[in-house]
>>> print(open('protein_19.txt').read())   # compact mmCIF, C-alpha atoms
# COMPACT_ATOMS: atom_id res chain seq x y z
CA MET A 187 -13.11 52.01 38.10
CA PHE A 188 -10.74 49.50 39.74
CA GLN A 189 -7.76 48.43 37.62
CA PRO A 190 -4.84 46.15 38.56
CA ILE A 191 -1.68 48.24 38.92
CA SER A 192 0.11 46.35 36.11
CA ILE A 193 -2.68 47.02 33.60
CA PHE A 194 -2.92 50.67 34.72
CA ILE A 195 0.81 51.24 34.16
CA GLY A 196 0.76 49.33 30.86
CA LEU A 197 -2.05 51.55 29.56
CA ARG A 198 -0.17 54.67 30.72
CA TYR A 199 2.96 53.50 28.87
CA SER A 200 0.96 52.86 25.70
CA ARG A 201 -0.42 56.42 25.79
CA SER A 202 2.86 58.01 26.76
CA LYS A 203 4.40 60.60 24.40
CA SER A 204 7.83 60.41 26.02
CA HIS A 205 9.22 57.71 23.69
CA THR A 206 12.06 58.57 21.36
CA GLY A 207 11.12 59.29 17.76
CA PHE A 208 12.49 55.98 16.51
CA VAL A 209 10.54 53.94 19.09
CA SER A 210 7.36 55.81 18.19
CA PHE A 211 8.10 55.19 14.50
CA ILE A 212 8.51 51.41 15.01
CA THR A 213 5.39 51.25 17.19
CA PHE A 214 3.31 53.13 14.64
CA PHE A 215 4.37 50.98 11.71
CA SER A 216 3.89 47.73 13.61
CA THR A 217 0.28 48.82 14.24
CA VAL A 218 -0.19 49.91 10.62
CA GLY A 219 1.36 46.64 9.38
CA ILE A 220 -1.13 44.58 11.41
CA LEU A 221 -3.96 46.82 10.19
CA LEU A 222 -3.07 46.38 6.51
CA GLY A 223 -2.37 42.66 6.86
CA VAL A 224 -5.71 41.93 8.55
CA ALA A 225 -7.62 44.12 6.07
CA ALA A 226 -5.92 42.44 3.08
CA LEU A 227 -6.53 38.96 4.47
CA ILE A 228 -10.24 39.61 5.07
CA THR A 229 -10.66 41.14 1.59
CA VAL A 230 -8.80 38.38 -0.28
CA VAL A 231 -10.47 35.55 1.63
CA SER A 232 -13.89 37.10 0.96
CA VAL A 233 -13.12 37.22 -2.78
CA MET A 234 -11.92 33.59 -2.72
CA ASN A 235 -15.13 32.61 -0.90
CA GLY A 236 -17.06 34.43 -3.61
CA PHE A 237 -15.25 32.59 -6.39
CA GLU A 238 -15.85 29.27 -4.65
CA GLY A 239 -19.54 30.12 -4.27
CA GLU A 240 -19.83 31.09 -7.95
CA LEU A 241 -18.15 27.85 -9.03
CA LYS A 242 -20.48 25.92 -6.77
CA LYS A 243 -23.54 27.69 -8.21
CA ARG A 244 -22.56 27.73 -11.89
CA ILE A 245 -20.88 24.33 -12.18
CA LEU A 246 -22.56 22.27 -9.46
CA GLY A 247 -25.88 23.84 -10.41
CA ILE A 248 -25.71 21.93 -13.68
CA VAL A 249 -23.39 18.99 -12.96
CA PRO A 250 -25.26 16.16 -11.17
CA HIS A 251 -24.37 15.96 -7.49
CA VAL A 252 -24.90 12.19 -7.50
CA ILE A 253 -25.32 9.95 -10.54
CA VAL A 254 -27.19 6.64 -10.24
CA SER A 255 -26.74 3.96 -12.89
CA ASP A 256 -27.59 0.27 -13.18
CA PHE A 257 -24.26 -1.42 -13.83
CA ASN A 258 -25.78 -4.90 -14.15
CA ASP A 259 -27.94 -3.72 -17.03
CA ASN A 260 -24.88 -2.09 -18.56
CA LYS A 261 -22.93 -5.34 -18.52
CA THR A 262 -25.66 -7.51 -19.93
CA ASN A 263 -26.65 -5.02 -22.59
CA LYS A 264 -23.22 -3.86 -23.65
CA GLU A 265 -23.30 -5.86 -26.88
CA ASN A 266 -26.52 -4.30 -28.18
CA ASN A 267 -25.63 -0.82 -26.86
CA ASN A 268 -28.90 -0.66 -24.93
CA GLN A 269 -27.78 0.44 -21.46
CA GLN A 270 -30.99 2.03 -20.26
CA ILE A 271 -32.62 1.53 -16.86
CA SER A 272 -36.07 0.07 -17.34
CA ARG A 273 -37.19 0.60 -13.72
CA TRP A 274 -36.10 4.21 -13.30
CA PRO A 275 -39.57 5.62 -12.30
CA ALA A 276 -39.74 3.40 -9.19
CA LEU A 277 -36.07 4.04 -8.47
CA ARG A 278 -36.66 7.79 -8.74
CA GLU A 279 -39.52 7.68 -6.22
CA GLU A 280 -37.31 5.74 -3.81
CA LEU A 281 -34.44 8.23 -4.12
CA LEU A 282 -36.73 11.23 -3.55
CA THR A 283 -37.47 9.95 -0.04
CA GLN A 284 -33.81 10.22 1.00
CA PRO A 285 -32.54 13.09 3.23
CA HIS A 286 -30.86 16.06 1.47
CA VAL A 287 -32.32 15.02 -1.92
CA LEU A 288 -34.27 17.88 -3.52
CA GLN A 289 -34.78 16.57 -7.04
CA VAL A 290 -34.14 13.43 -9.07
CA THR A 291 -34.14 13.71 -12.86
CA PRO A 292 -33.69 10.99 -15.50
CA PHE A 293 -31.27 11.49 -18.39
CA LEU A 294 -29.13 9.74 -20.94
CA GLU A 295 -25.60 10.74 -21.81
CA SER A 296 -23.09 10.24 -24.60
CA GLU A 297 -19.96 11.84 -25.99
CA ALA A 298 -20.38 13.40 -29.42
CA LEU A 299 -19.08 15.88 -31.94
CA ILE A 300 -21.16 18.91 -32.87
CA GLN A 301 -20.53 20.31 -36.32
CA SER A 302 -21.62 23.52 -38.02
CA VAL A 303 -20.62 25.10 -41.30
CA LYS A 304 -17.92 27.10 -39.50
CA GLY A 305 -16.58 24.69 -36.88
CA LEU A 306 -16.39 21.36 -35.05
CA GLN A 307 -16.34 20.76 -31.29
CA GLY A 308 -16.37 17.78 -28.95
CA VAL A 309 -19.27 17.89 -26.46
CA LEU A 310 -21.23 15.81 -23.98
CA VAL A 311 -24.81 15.23 -25.13
CA GLN A 312 -27.47 14.84 -22.46
CA GLY A 313 -30.98 13.66 -23.25
CA ILE A 314 -33.43 15.05 -20.69
CA MET A 315 -37.14 15.14 -19.94
CA THR A 316 -38.21 18.76 -19.73
CA LYS A 317 -41.07 18.07 -17.31
CA TYR A 318 -38.51 17.07 -14.67
CA GLU A 319 -36.14 19.97 -15.42
CA GLN A 320 -38.30 22.95 -14.42
CA THR A 321 -35.92 23.89 -11.58
CA ASN A 322 -32.80 23.37 -13.71
CA ILE A 323 -30.39 26.33 -13.57
CA ILE A 324 -30.39 26.34 -17.39
CA ASN A 325 -34.02 27.58 -17.34
CA THR A 326 -33.03 30.76 -15.49
CA HIS A 327 -30.01 31.44 -17.71
CA MET A 328 -31.53 31.18 -21.19
CA VAL A 329 -30.29 33.90 -23.55
CA SER A 330 -32.72 32.98 -26.32
CA GLY A 331 -35.26 30.24 -26.93
CA SER A 332 -36.49 27.96 -24.15
CA MET A 333 -35.93 24.49 -22.77
CA GLU A 334 -39.59 23.57 -23.36
CA MET A 335 -38.95 23.64 -27.12
CA LEU A 336 -36.96 20.39 -26.79
CA SER A 337 -40.19 18.43 -26.24
CA LYS A 338 -42.23 20.47 -28.76
CA GLN A 339 -39.80 20.61 -31.68
CA ARG A 340 -38.48 17.40 -33.24
CA TYR A 341 -34.72 16.90 -33.15
CA SER A 342 -33.92 20.17 -31.47
CA LEU A 343 -31.19 21.01 -28.96
CA ILE A 344 -29.96 23.80 -26.70
CA ILE A 345 -26.32 24.82 -26.38
CA GLY A 346 -24.22 27.29 -24.40
CA GLN A 347 -23.49 30.76 -25.71
CA SER A 348 -19.74 30.11 -25.67
CA LEU A 349 -20.21 27.04 -27.88
CA ALA A 350 -22.58 28.95 -30.18
CA ASN A 351 -19.92 31.64 -30.62
CA LYS A 352 -17.27 29.06 -31.48
CA LEU A 353 -19.52 27.38 -34.04
CA GLN A 354 -20.85 30.77 -35.26
CA VAL A 355 -24.46 29.64 -35.03
CA ASN A 356 -27.61 31.19 -33.64
CA LEU A 357 -31.18 30.30 -32.72
CA GLY A 358 -32.89 28.32 -35.51
CA ASP A 359 -29.65 27.26 -37.22
CA GLU A 360 -28.95 23.60 -37.96
CA VAL A 361 -26.00 21.65 -36.60
CA ARG A 362 -24.97 18.02 -36.94
CA LEU A 363 -24.40 15.68 -33.99
CA VAL A 364 -21.92 12.90 -34.74
CA LEU A 365 -21.32 9.90 -32.47
CA PRO A 366 -17.78 8.74 -33.29
CA ASN A 367 -18.06 5.69 -31.02
CA LYS A 368 -21.18 4.36 -32.78
CA SER A 369 -21.42 3.47 -36.42
CA VAL A 370 -23.89 2.05 -38.96
CA PHE A 371 -23.45 0.16 -42.21
CA THR A 372 -24.38 2.02 -45.40
CA PRO A 373 -23.81 1.33 -49.11
CA MET A 374 -20.75 3.57 -48.72
CA GLY A 375 -19.37 1.47 -45.89
CA ARG A 376 -19.33 1.92 -42.12
CA ILE A 377 -19.91 5.54 -41.02
CA PRO A 378 -20.48 7.18 -37.61
CA VAL A 379 -24.06 7.68 -36.40
CA GLN A 380 -25.13 11.25 -37.06
CA ARG A 381 -28.20 13.43 -37.18
CA VAL A 382 -29.07 17.04 -38.00
CA PHE A 383 -30.55 19.01 -35.07
CA THR A 384 -32.04 22.50 -34.91
CA ILE A 385 -30.90 24.96 -32.21
CA ALA A 386 -33.97 25.70 -30.06
CA GLY A 387 -32.25 27.58 -27.24
CA ILE A 388 -29.00 29.16 -26.10
CA PHE A 389 -27.99 29.49 -22.44
CA HIS A 390 -25.20 31.32 -20.66
CA LEU A 391 -23.82 30.34 -17.25
CA GLY A 392 -20.37 31.90 -17.52
CA SER A 393 -18.66 28.61 -16.66
CA PRO A 394 -16.67 25.89 -18.51
CA VAL A 395 -19.94 23.99 -18.92
CA ASP A 396 -21.10 26.52 -21.53
CA ASP A 397 -19.00 25.03 -24.32
CA ALA A 398 -19.04 21.41 -23.17
CA MET A 399 -22.73 20.49 -22.79
CA VAL A 400 -25.53 20.01 -25.31
CA TYR A 401 -29.11 19.15 -24.32
CA VAL A 402 -31.67 17.23 -26.38
CA ASP A 403 -34.99 15.60 -25.60
CA SER A 404 -34.46 12.06 -24.30
CA ARG A 405 -36.75 10.56 -27.00
CA TYR A 406 -34.60 11.91 -29.82
CA GLY A 407 -31.42 11.21 -27.89
CA ALA A 408 -32.53 7.57 -27.59
CA LYS A 409 -33.14 7.37 -31.34
CA LEU A 410 -29.72 8.86 -32.00
CA LEU A 411 -28.16 6.23 -29.72
CA ARG A 412 -30.27 3.46 -31.26
CA ARG A 413 -32.07 2.71 -28.00
CA THR A 414 -35.68 1.71 -27.43
CA GLY A 415 -38.22 3.73 -25.44
CA ASP A 416 -37.01 6.80 -23.58
CA GLY A 417 -33.41 5.51 -23.51
CA ILE A 418 -32.82 6.64 -19.91
CA ASP A 419 -29.60 5.15 -18.56
CA LYS A 420 -28.95 7.32 -15.49
CA LEU A 421 -30.61 9.33 -12.74
CA ARG A 422 -29.09 12.44 -11.27
CA LEU A 423 -29.67 13.68 -7.76
CA TYR A 424 -29.70 17.37 -6.87
CA LEU A 425 -29.04 17.92 -3.17
CA ASP A 426 -29.62 20.82 -0.77
CA ASP A 427 -25.82 21.07 -0.60
CA ALA A 428 -23.51 19.45 -3.15
CA PHE A 429 -20.94 18.78 -0.42
CA ASN A 430 -23.41 16.37 1.22
CA ALA A 431 -22.97 14.00 -1.75
CA LYS A 432 -20.66 11.56 0.02
CA ASP A 433 -22.97 11.30 3.04
CA VAL A 434 -25.98 10.66 0.78
CA VAL A 435 -24.12 7.95 -1.17
CA LYS A 436 -22.95 6.32 2.06
CA ARG A 437 -26.53 6.19 3.36
CA LEU A 438 -27.81 4.78 0.05
CA GLU A 439 -25.12 2.09 0.02
CA GLN A 440 -26.07 1.07 3.56
CA LYS A 441 -29.71 0.85 2.52
CA GLN A 442 -28.66 -1.13 -0.55
CA VAL A 443 -26.95 -3.72 1.67
CA LYS A 444 -30.08 -4.03 3.83
CA GLN A 445 -32.28 -4.53 0.76
CA GLN A 446 -30.05 -7.34 -0.46
CA VAL A 447 -30.80 -9.19 2.78
CA SER A 448 -34.53 -8.39 2.72
CA PRO A 449 -36.50 -10.26 -0.01
CA GLN A 450 -39.41 -7.80 -0.05
CA ASN A 451 -37.93 -4.65 -1.54
CA LYS A 452 -34.88 -4.66 -3.78
CA ILE A 453 -35.40 -1.42 -5.68
CA LEU A 454 -31.76 -0.38 -5.07
CA HIS A 455 -30.41 -3.78 -6.12
CA SER A 456 -27.47 -3.61 -8.57
CA VAL A 457 -27.43 0.20 -8.56
CA ASN A 458 -24.14 2.07 -8.80
CA PHE A 459 -23.48 5.54 -7.34
CA SER A 460 -20.95 8.20 -8.29
CA THR A 461 -20.53 11.76 -7.00
CA TRP A 462 -19.68 15.09 -8.62
CA ASP A 463 -16.17 15.19 -7.16
CA GLU A 464 -15.12 12.36 -9.47
CA SER A 465 -15.46 14.72 -12.43
CA GLN A 466 -15.17 18.18 -10.87
CA GLY A 467 -13.30 17.43 -7.64
CA ALA A 468 -9.90 18.43 -9.05
CA LEU A 469 -11.18 21.92 -9.87
CA PHE A 470 -12.57 22.52 -6.38
CA SER A 471 -9.44 21.01 -4.80
CA ALA A 472 -7.34 23.49 -6.80
CA VAL A 473 -9.54 26.39 -5.63
CA LYS A 474 -9.29 25.19 -2.03
CA MET A 475 -5.50 24.85 -2.26
CA GLU A 476 -5.22 28.35 -3.75
CA LYS A 477 -7.39 29.71 -0.95
CA ASN A 478 -5.20 28.00 1.67
CA MET A 479 -2.04 29.40 0.05
CA MET A 480 -3.51 32.92 0.14
CA TRP A 481 -4.31 32.36 3.83
CA LEU A 482 -0.72 31.29 4.47
CA MET A 483 0.98 34.14 2.56
CA LEU A 484 -1.16 36.91 4.02
CA SER A 485 -0.98 35.37 7.50
CA LEU A 486 2.81 35.61 7.24
CA ILE A 487 2.42 39.34 6.46
CA VAL A 488 0.30 39.73 9.61
CA ALA A 489 2.87 37.70 11.59
CA VAL A 490 5.77 39.89 10.41
CA ALA A 491 3.83 43.03 11.32
CA ALA A 492 2.87 41.58 14.70
CA PHE A 493 6.46 40.70 15.53
CA ASN A 494 7.50 44.30 14.89
CA ILE A 495 5.92 44.74 18.31
CA VAL A 496 8.97 42.88 19.66
CA SER A 497 11.35 45.56 18.38
CA ALA A 498 9.23 48.39 19.75
CA LEU A 499 8.78 46.75 23.17
CA VAL A 500 12.47 45.87 23.52
CA MET A 501 13.34 49.53 22.99
CA VAL A 502 10.67 50.60 25.49
CA VAL A 503 12.07 48.13 28.04
CA VAL A 504 15.54 49.65 27.59
CA GLU A 505 14.07 53.15 28.04
CA LYS A 506 12.11 52.17 31.15
CA GLN A 507 14.90 50.29 32.95
CA ALA A 508 15.06 52.80 35.78
CA GLU A 509 11.29 52.89 36.24
CA ILE A 510 11.13 49.09 36.26
CA GLY A 511 13.83 49.01 38.92
CA ILE A 512 11.96 51.54 41.08
CA LEU A 513 8.70 49.58 40.74
CA GLN A 514 10.46 46.38 41.78
CA THR A 515 11.99 48.03 44.84
CA LEU A 516 8.48 49.15 45.77
CA GLY A 517 7.41 45.53 45.79
CA LEU A 518 6.07 44.94 42.28
CA ALA A 519 6.34 41.21 41.47
CA ARG A 520 8.02 39.88 38.32
CA ILE A 521 4.68 38.59 36.98
CA ASP A 522 3.25 42.12 37.29
CA VAL A 523 6.17 43.54 35.31
CA ILE A 524 5.41 40.98 32.60
CA LYS A 525 1.75 42.04 32.61
CA ILE A 526 2.73 45.71 32.16
CA PHE A 527 4.52 45.12 28.87
CA ILE A 528 2.05 42.51 27.63
CA THR A 529 -0.67 45.13 28.17
CA GLN A 530 1.31 47.79 26.30
CA GLY A 531 2.02 45.47 23.34
CA MET A 532 -1.54 44.18 23.20
CA VAL A 533 -2.92 47.74 23.05
CA ASN A 534 -0.96 48.33 19.84
CA GLY A 535 -2.00 44.93 18.48
CA LEU A 536 -5.64 45.52 19.42
CA TRP A 537 -5.70 48.86 17.62
CA GLY A 538 -4.23 47.33 14.48
CA VAL A 539 -6.51 44.27 14.52
CA SER A 540 -9.69 46.26 15.25
CA LEU A 541 -9.08 48.91 12.61
CA GLY A 542 -7.87 46.28 10.14
CA GLY A 543 -11.01 44.19 10.69
CA ILE A 544 -13.29 47.19 10.12
CA LEU A 545 -11.30 48.32 7.06
CA GLY A 546 -11.24 44.77 5.62
CA VAL A 547 -15.02 44.37 5.89
CA ILE A 548 -15.61 47.82 4.35
CA LEU A 549 -13.20 47.07 1.49
CA ALA A 550 -14.81 43.68 0.84
CA LEU A 551 -18.33 45.13 0.79
CA ASN A 552 -17.36 47.97 -1.59
CA LEU A 553 -14.58 46.30 -3.57
CA ASN A 554 -16.32 46.44 -6.95
CA ASP A 555 -17.29 50.09 -6.49
CA ILE A 556 -13.73 50.98 -5.49
CA MET A 557 -12.31 49.17 -8.53
CA LEU A 558 -14.79 50.98 -10.76
CA VAL A 559 -13.79 54.37 -9.34
CA ILE A 560 -10.05 53.78 -9.82
CA GLY A 561 -10.63 52.21 -13.25
CA VAL A 562 -9.31 48.70 -12.55
CA ASN A 563 -10.84 45.82 -14.54
CA LEU A 564 -9.31 42.46 -13.61
CA PHE A 565 -11.29 40.62 -16.28
CA GLY A 566 -10.06 42.76 -19.15
CA PHE A 567 -13.49 42.97 -20.79
CA GLY A 568 -17.04 44.00 -20.04
CA MET A 569 -18.26 45.06 -16.62
CA GLN A 570 -18.16 41.71 -14.86
CA GLU A 571 -17.85 42.08 -11.08
CA LEU A 572 -15.71 40.22 -8.60
CA PRO A 573 -17.82 37.85 -6.50
CA VAL A 574 -17.45 38.69 -2.80
CA LYS A 575 -18.78 36.64 0.10
CA ILE A 576 -17.92 37.63 3.67
CA GLU A 577 -18.00 34.71 6.09
CA SER A 578 -18.29 35.78 9.72
CA PHE A 579 -16.33 32.70 10.82
CA ASP A 580 -13.40 33.67 8.58
CA VAL A 581 -13.41 37.26 9.88
CA PHE A 582 -13.46 36.00 13.48
CA THR A 583 -10.64 33.52 12.77
CA ILE A 584 -8.46 36.21 11.16
CA ILE A 585 -9.00 38.67 14.02
CA PHE A 586 -8.44 36.03 16.69
CA SER A 587 -5.27 34.73 14.98
CA ALA A 588 -3.84 38.26 14.66
CA LEU A 589 -4.50 38.90 18.37
CA VAL A 590 -2.78 35.61 19.29
CA MET A 591 0.26 36.59 17.16
CA SER A 592 0.37 39.99 18.87
CA PHE A 593 0.21 38.33 22.29
CA ILE A 594 3.04 35.92 21.45
CA ALA A 595 5.14 38.84 20.18
CA THR A 596 4.90 40.56 23.59
CA LEU A 597 6.14 37.59 25.64
CA TYR A 598 9.89 37.90 25.05
CA PRO A 599 10.22 41.67 25.75
CA ALA A 600 7.94 41.32 28.78
CA TYR A 601 10.06 38.49 30.13
CA GLN A 602 13.26 40.46 29.54
CA ALA A 603 11.77 43.38 31.48
CA SER A 604 10.99 41.09 34.41
CA THR A 605 14.65 39.99 34.65
CA THR A 606 15.81 43.55 35.36
CA GLN A 607 18.03 43.76 38.47
CA PRO A 608 17.06 46.88 40.46
CA ALA A 609 20.48 47.15 42.17
CA GLN A 610 22.36 47.28 38.86
CA VAL A 611 19.92 49.64 37.18
CA LEU A 612 19.64 52.13 40.06
CA ARG A 613 23.35 52.05 40.97
CA ASN A 614 24.17 55.06 38.86
CA GLU A 615 20.86 56.93 39.25
>>> encode(input="protein_19.txt", output="structure tokens")
Amino acid sequence: MFQPISIFIGLRYSRSKSHTGFVSFITFFSTVGILLGVAALITVVSVMNGFEGELKKRILGIVPHVIVSDFNDNKTNKENNNQQISRWPALREELLTQPHVLQVTPFLESEALIQSVKGLQGVLVQGIMTKYEQTNIINTHMVSGSMEMLSKQRYSLIIGQSLANKLQVNLGDEVRLVLPNKSVFTPMGRIPVQRVFTIAGIFHLGSPVDDAMVYVDSRYGAKLLRRTGDGIDKLRLYLDDAFNAKDVVKRLEQKQVKQQVSPQNKILHSVNFSTWDESQGALFSAVKMEKNMMWLMLSLIVAVAAFNIVSALVMVVVEKQAEIGILQTLGLARIDVIKIFITQGMVNGLWGVSLGGILGVILALNLNDIMLVIGVNLFGFGMQELPVKIESFDVFTIIFSALVMSFIATLYPAYQASTTQPAQVLRNE
């Protein structure tokens, strides 16, 4: 098969066994360094992708992607603490027609204290309608009891397993919900609003939400908050992708402006929108920053390994001075000399990147099994596994970046080889 002379010679040099032991040593470890750096980067990035995916599933599966509230109603009804949306059914039907919106569920929300015989904890109480929550992630992560019991059993609630452990309560036990921001007058003076609830279900998501959220039926939540009717004060939107929240809100705000001009339909009039990143954005920003820092640190390892190619090639250039001079006297152009040593350096880089990519993917796919065999448990308890998610785009980016670093590392030695003066080199031969 036809090969340009520069590539042919470069491949011969890369396979040559005539190098000194030290040059061979440097060449070998530059290849191994690239291999280990690429493999480590693919493995770590896959684990970080897995953690990000788990956070997205466990936290954004329960936290509303977009919250809709009627701020005009809130202002006018602030004095009587009745902040509910009276037109939420029509508003819900309107929101369900929007792109990316999978489900719209009504709820009410309030901060509260939950008290048992053994403990006290601050929580966020959400009043929900179980008929709209059939696809809620809580339904698939119930440890005991069921969400349907909220509508069947008066003044019942469901809590996370982590919270149940802190309060030392179980299914069927009674707890007290206290609203410190709301009070009533009694013969004993002004006391916070409170009510005894029975635990009808316990869920476990394995996220911070487990000990921060309490769910009740909206009817009993409304009575606790001294509201009339169902007490609904917000709607939450679940999207096909939580990261589409800003686009959905932007589209709804544009439609809201159009409806203010049009007198026929003003269903979105005076509605306020907020997205999940206002409450959980800092957490995901921290995860993203940590992922970027891991990219940077491990990329530097790959860069250091790639630039070991410089040392190896410089030594090869010194060894091959006479051969370079002979090739130039035979008419080989300077650009062809450059191509020879770029080819030789890229062969070493290509071996390291290829083997590192294969090793990284294998490690990522079998990481939990490998950790089990060697007896490493990063969590310190139980048999919980590391989440791993291999993104083909990330693997391609890592491999391509390592190849670019290897190419850049070959440029200086190749250029130095092209500046060889045949007359000076061959003078003493």
>>> atom_distance(input="protein_19.txt", atom1="atom CA of A:Thr316", atom2="atom CA of A:Gln339")
12.2 Å
>>> residues_around(input="protein_19.txt", residues="A:Ile253", least_positions_apart="3", cutoff="8 Å", atoms="all atoms listed in the file", output="number ranges by chain")
A: 250, 420-423, 459-462
>>> atom_distance(input="protein_19.txt", atom1="atom CA of A:Thr213", atom2="atom CA of A:Phe194")
19.4 Å
>>> residues_around(input="protein_19.txt", residues="A:Asn534", least_positions_apart="3", cutoff="10 Å", atoms="all atoms listed in the file", output="list in words")
Ser200, Thr213, Phe214, Ser216, Thr217, Val218, Ile220, Ala492, Ile495, Thr529, Gln530, Gly531, Trp537, Gly538, Val539 and Ser592 of chain A
>>> closest_residue(input="protein_19.txt", among="A:Gln347, A:Gln380, A:Ser471, A:Gln607", to="A:Leu365", atoms="only C-alpha atoms")
A:Gln380
>>> residues_around(input="protein_19.txt", residues="A:Leu549", least_positions_apart="3", cutoff="9 Å", atoms="all atoms listed in the file", output="count of residues only")
10
>>> closest_residue(input="protein_19.txt", among="A:Ile248, A:Ser232, A:His286, A:Ala600", to="A:Asp433", atoms="all atoms listed in the file")
A:His286
>>> closest_residue(input="protein_19.txt", among="A:Phe582, A:Tyr601, A:Phe470, A:Phe527", to="A:Glu238", atoms="all atoms listed in the file")
A:Phe470
>>> atom_distance(input="protein_19.txt", atom1="atom CA of A:Ile344", atom2="atom CA of A:Asp416")
18.7 Å
>>> closest_residue(input="protein_19.txt", among="A:Val224, A:Ala431, A:Val254, A:Pro366", to="A:Phe586", atoms="all atoms listed in the file")
A:Val224
>>> residues_around(input="protein_19.txt", residues="stretch 271-278 of chain A", least_positions_apart="6", cutoff="10 Å", atoms="only C-alpha atoms", output="list in words")
Val254, Ser255, Asp256, Phe257, Asn258, Asp259, Asn260, Gln289, Val290, Thr291, Pro292, Leu294, Gly415, Asp416, Gly417, Ile418, Asp419, Lys420, Leu421, Arg422, Leu423, Lys452, Ile453, Leu454, His455 and Val457 of chain A
>>> decode(input="protein_19.txt", residues="stretch 499-514 of chain A", atoms="N, CA and C atoms", output="PDB file, in the first residue's frame")
ATOM      1  N   LEU A 499      11.238  12.448  22.202  1.00  0.00           N
ATOM      2  CA  LEU A 499      11.520  12.820  20.807  1.00  0.00           C
ATOM      3  C   LEU A 499      12.795  13.629  20.680  1.00  0.00           C
ATOM      4  N   VAL A 500      13.065  14.506  21.647  1.00  0.00           N
ATOM      5  CA  VAL A 500      14.304  15.285  21.600  1.00  0.00           C
ATOM      6  C   VAL A 500      15.511  14.359  21.622  1.00  0.00           C
ATOM      7  N   MET A 501      15.452  13.330  22.466  1.00  0.00           N
ATOM      8  CA  MET A 501      16.551  12.365  22.525  1.00  0.00           C
ATOM      9  C   MET A 501      16.657  11.574  21.232  1.00  0.00           C
ATOM     10  N   VAL A 502      15.521  11.214  20.639  1.00  0.00           N
ATOM     11  CA  VAL A 502      15.544  10.496  19.361  1.00  0.00           C
ATOM     12  C   VAL A 502      16.151  11.372  18.274  1.00  0.00           C
ATOM     13  N   VAL A 503      15.801  12.656  18.266  1.00  0.00           N
ATOM     14  CA  VAL A 503      16.352  13.591  17.280  1.00  0.00           C
ATOM     15  C   VAL A 503      17.869  13.656  17.402  1.00  0.00           C
ATOM     16  N   VAL A 504      18.368  13.721  18.645  1.00  0.00           N
ATOM     17  CA  VAL A 504      19.819  13.744  18.857  1.00  0.00           C
ATOM     18  C   VAL A 504      20.457  12.459  18.337  1.00  0.00           C
ATOM     19  N   GLU A 505      19.807  11.308  18.581  1.00  0.00           N
ATOM     20  CA  GLU A 505      20.322  10.019  18.112  1.00  0.00           C
ATOM     21  C   GLU A 505      20.349   9.931  16.589  1.00  0.00           C
ATOM     22  N   LYS A 506      19.342  10.527  15.948  1.00  0.00           N
ATOM     23  CA  LYS A 506      19.152  10.364  14.507  1.00  0.00           C
ATOM     24  C   LYS A 506      19.733  11.522  13.701  1.00  0.00           C
ATOM     25  N   GLN A 507      20.624  12.309  14.310  1.00  0.00           N
ATOM     26  CA  GLN A 507      21.162  13.469  13.598  1.00  0.00           C
ATOM     27  C   GLN A 507      21.795  13.068  12.267  1.00  0.00           C
ATOM     28  N   ALA A 508      22.609  12.025  12.291  1.00  0.00           N
ATOM     29  CA  ALA A 508      23.293  11.623  11.060  1.00  0.00           C
ATOM     30  C   ALA A 508      22.293  11.163  10.009  1.00  0.00           C
ATOM     31  N   GLU A 509      21.309  10.396  10.403  1.00  0.00           N
ATOM     32  CA  GLU A 509      20.310   9.907   9.451  1.00  0.00           C
ATOM     33  C   GLU A 509      19.502  11.057   8.872  1.00  0.00           C
ATOM     34  N   ILE A 510      19.181  12.040   9.716  1.00  0.00           N
ATOM     35  CA  ILE A 510      18.442  13.216   9.222  1.00  0.00           C
ATOM     36  C   ILE A 510      19.276  13.946   8.184  1.00  0.00           C
ATOM     37  N   GLY A 511      20.577  14.102   8.490  1.00  0.00           N
ATOM     38  CA  GLY A 511      21.457  14.781   7.539  1.00  0.00           C
ATOM     39  C   GLY A 511      21.526  14.047   6.214  1.00  0.00           C
ATOM     40  N   ILE A 512      21.633  12.724   6.246  1.00  0.00           N
ATOM     41  CA  ILE A 512      21.684  11.933   5.007  1.00  0.00           C
ATOM     42  C   ILE A 512      20.399  12.092   4.221  1.00  0.00           C
ATOM     43  N   LEU A 513      19.249  12.025   4.923  1.00  0.00           N
ATOM     44  CA  LEU A 513      17.961  12.182   4.235  1.00  0.00           C
ATOM     45  C   LEU A 513      17.835  13.548   3.586  1.00  0.00           C
ATOM     46  N   GLN A 514      18.348  14.586   4.249  1.00  0.00           N
ATOM     47  CA  GLN A 514      18.278  15.927   3.666  1.00  0.00           C
ATOM     48  C   GLN A 514      19.180  16.053   2.443  1.00  0.00           C
TER      49      GLN A 514
END
